[in-house]
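S.K.: One structure coming up, written as structure tokens, with questions to follow.
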Amino acid sequence: MRITECITAPYMTIITIRVAREVKEKLEKYNVNISETVRELLDRYLLELEMRNLGERLELLRERLSGKIDPELVAKLVREDREVR
């Protein structure tokens, strides 16, 4: 895969990939907009990676804080905050 900067749209990057000719021909047969499909798939994959990373960070935080936070105190503080609003 080769990545180069796009001159006409500085906020975009060009990614060149190689796929089997048969795959490209079949996608064209079904009128698939390959660029748009790849963009959408990469966006979804990135979101999945970010969610996985967030989950891992939350788990680490949960482990670090376990036993240090009183759930009853949290509930009391939330109730008080809601009443103030």
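In the structure tokens, each chain is lettered A, B, ... as it comes, each chain's residues begin at 1, and ligands are numbered from 1 in order of appearance.
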Name the residues of chain A that fall into helix (DSSP H, G or I) according to DSSP on the backbone, using the chain letters and numbers of this document, as a PyMOL selection string.

M.R.: chain A and resi 21-29+34-65+71-84

S.K.: Please produce an output containing C-alpha atoms for each residue in the selection, written as a compact mmCIF listing (two decimals), in the first residue's frame.

M.R.:
```txt
# COMPACT_ATOMS: atom_id res chain seq x y z
CA ARG A 21 -8.32 -8.28 -11.23
CA GLU A 22 -11.21 -10.70 -10.70
CA VAL A 23 -12.27 -8.88 -7.54
CA LYS A 24 -12.24 -5.50 -9.27
CA GLU A 25 -14.18 -6.84 -12.25
CA LYS A 26 -16.84 -8.39 -10.02
CA LEU A 27 -17.21 -5.17 -8.02
CA GLU A 28 -17.58 -3.22 -11.25
CA LYS A 29 -20.15 -5.78 -12.47
CA ILE A 34 -15.06 1.12 -4.84
CA SER A 35 -13.65 4.37 -3.45
CA GLU A 36 -16.77 5.15 -1.42
CA THR A 37 -17.04 1.55 -0.19
CA VAL A 38 -13.42 1.47 0.96
CA ARG A 39 -13.82 4.87 2.67
CA GLU A 40 -16.91 3.67 4.55
CA LEU A 41 -15.25 0.40 5.55
CA LEU A 42 -12.14 2.21 6.80
CA ASP A 43 -14.30 4.65 8.77
CA ARG A 44 -16.17 1.75 10.40
CA TYR A 45 -12.93 -0.10 11.12
CA LEU A 46 -11.40 3.01 12.68
CA LEU A 47 -14.47 3.48 14.87
CA GLU A 48 -14.19 -0.16 15.95
CA LEU A 49 -10.51 0.32 16.83
CA GLU A 50 -11.25 3.49 18.78
CA MET A 51 -14.11 1.81 20.68
CA ARG A 52 -11.88 -1.17 21.49
CA ASN A 53 -9.15 1.19 22.73
CA LEU A 54 -11.65 3.12 24.82
CA GLY A 55 -12.93 -0.14 26.31
CA GLU A 56 -9.40 -1.17 27.25
CA ARG A 57 -8.73 2.22 28.84
CA LEU A 58 -11.99 2.08 30.77
CA GLU A 59 -11.15 -1.40 32.01
CA LEU A 60 -7.75 -0.21 33.24
CA LEU A 61 -9.39 2.73 34.96
CA ARG A 62 -11.99 0.44 36.54
CA GLU A 63 -9.22 -1.80 37.86
CA ARG A 64 -7.29 1.15 39.28
CA LEU A 65 -10.36 2.60 40.97
CA PRO A 71 -21.13 3.61 45.18
CA GLU A 72 -23.46 5.06 47.80
CA LEU A 73 -21.47 8.30 47.87
CA VAL A 74 -21.59 8.52 44.08
CA ALA A 75 -25.38 8.01 44.11
CA LYS A 76 -25.76 10.70 46.80
CA LEU A 77 -23.63 13.18 44.84
CA VAL A 78 -25.57 12.52 41.64
CA ARG A 79 -28.89 13.05 43.45
CA GLU A 80 -27.62 16.31 44.96
CA ASP A 81 -26.40 17.52 41.58
CA ARG A 82 -29.78 16.76 39.97
CA GLU A 83 -31.62 18.62 42.72
CA VAL A 84 -29.47 21.71 42.19
```

S.K.: Considering only strand (DSSP E) as DSSP defines it on the backbone, what residues of chain A qualify? List them as a PyMOL selection string.

M.R.: chain A and resi 2-5+13-16

S.K.: So the first atom is atom CA of A:Asn31 and the second is atom CA of A:Tyr11; what is the distance between them in Å, to one decimal place?

M.R.: 27.1 Å
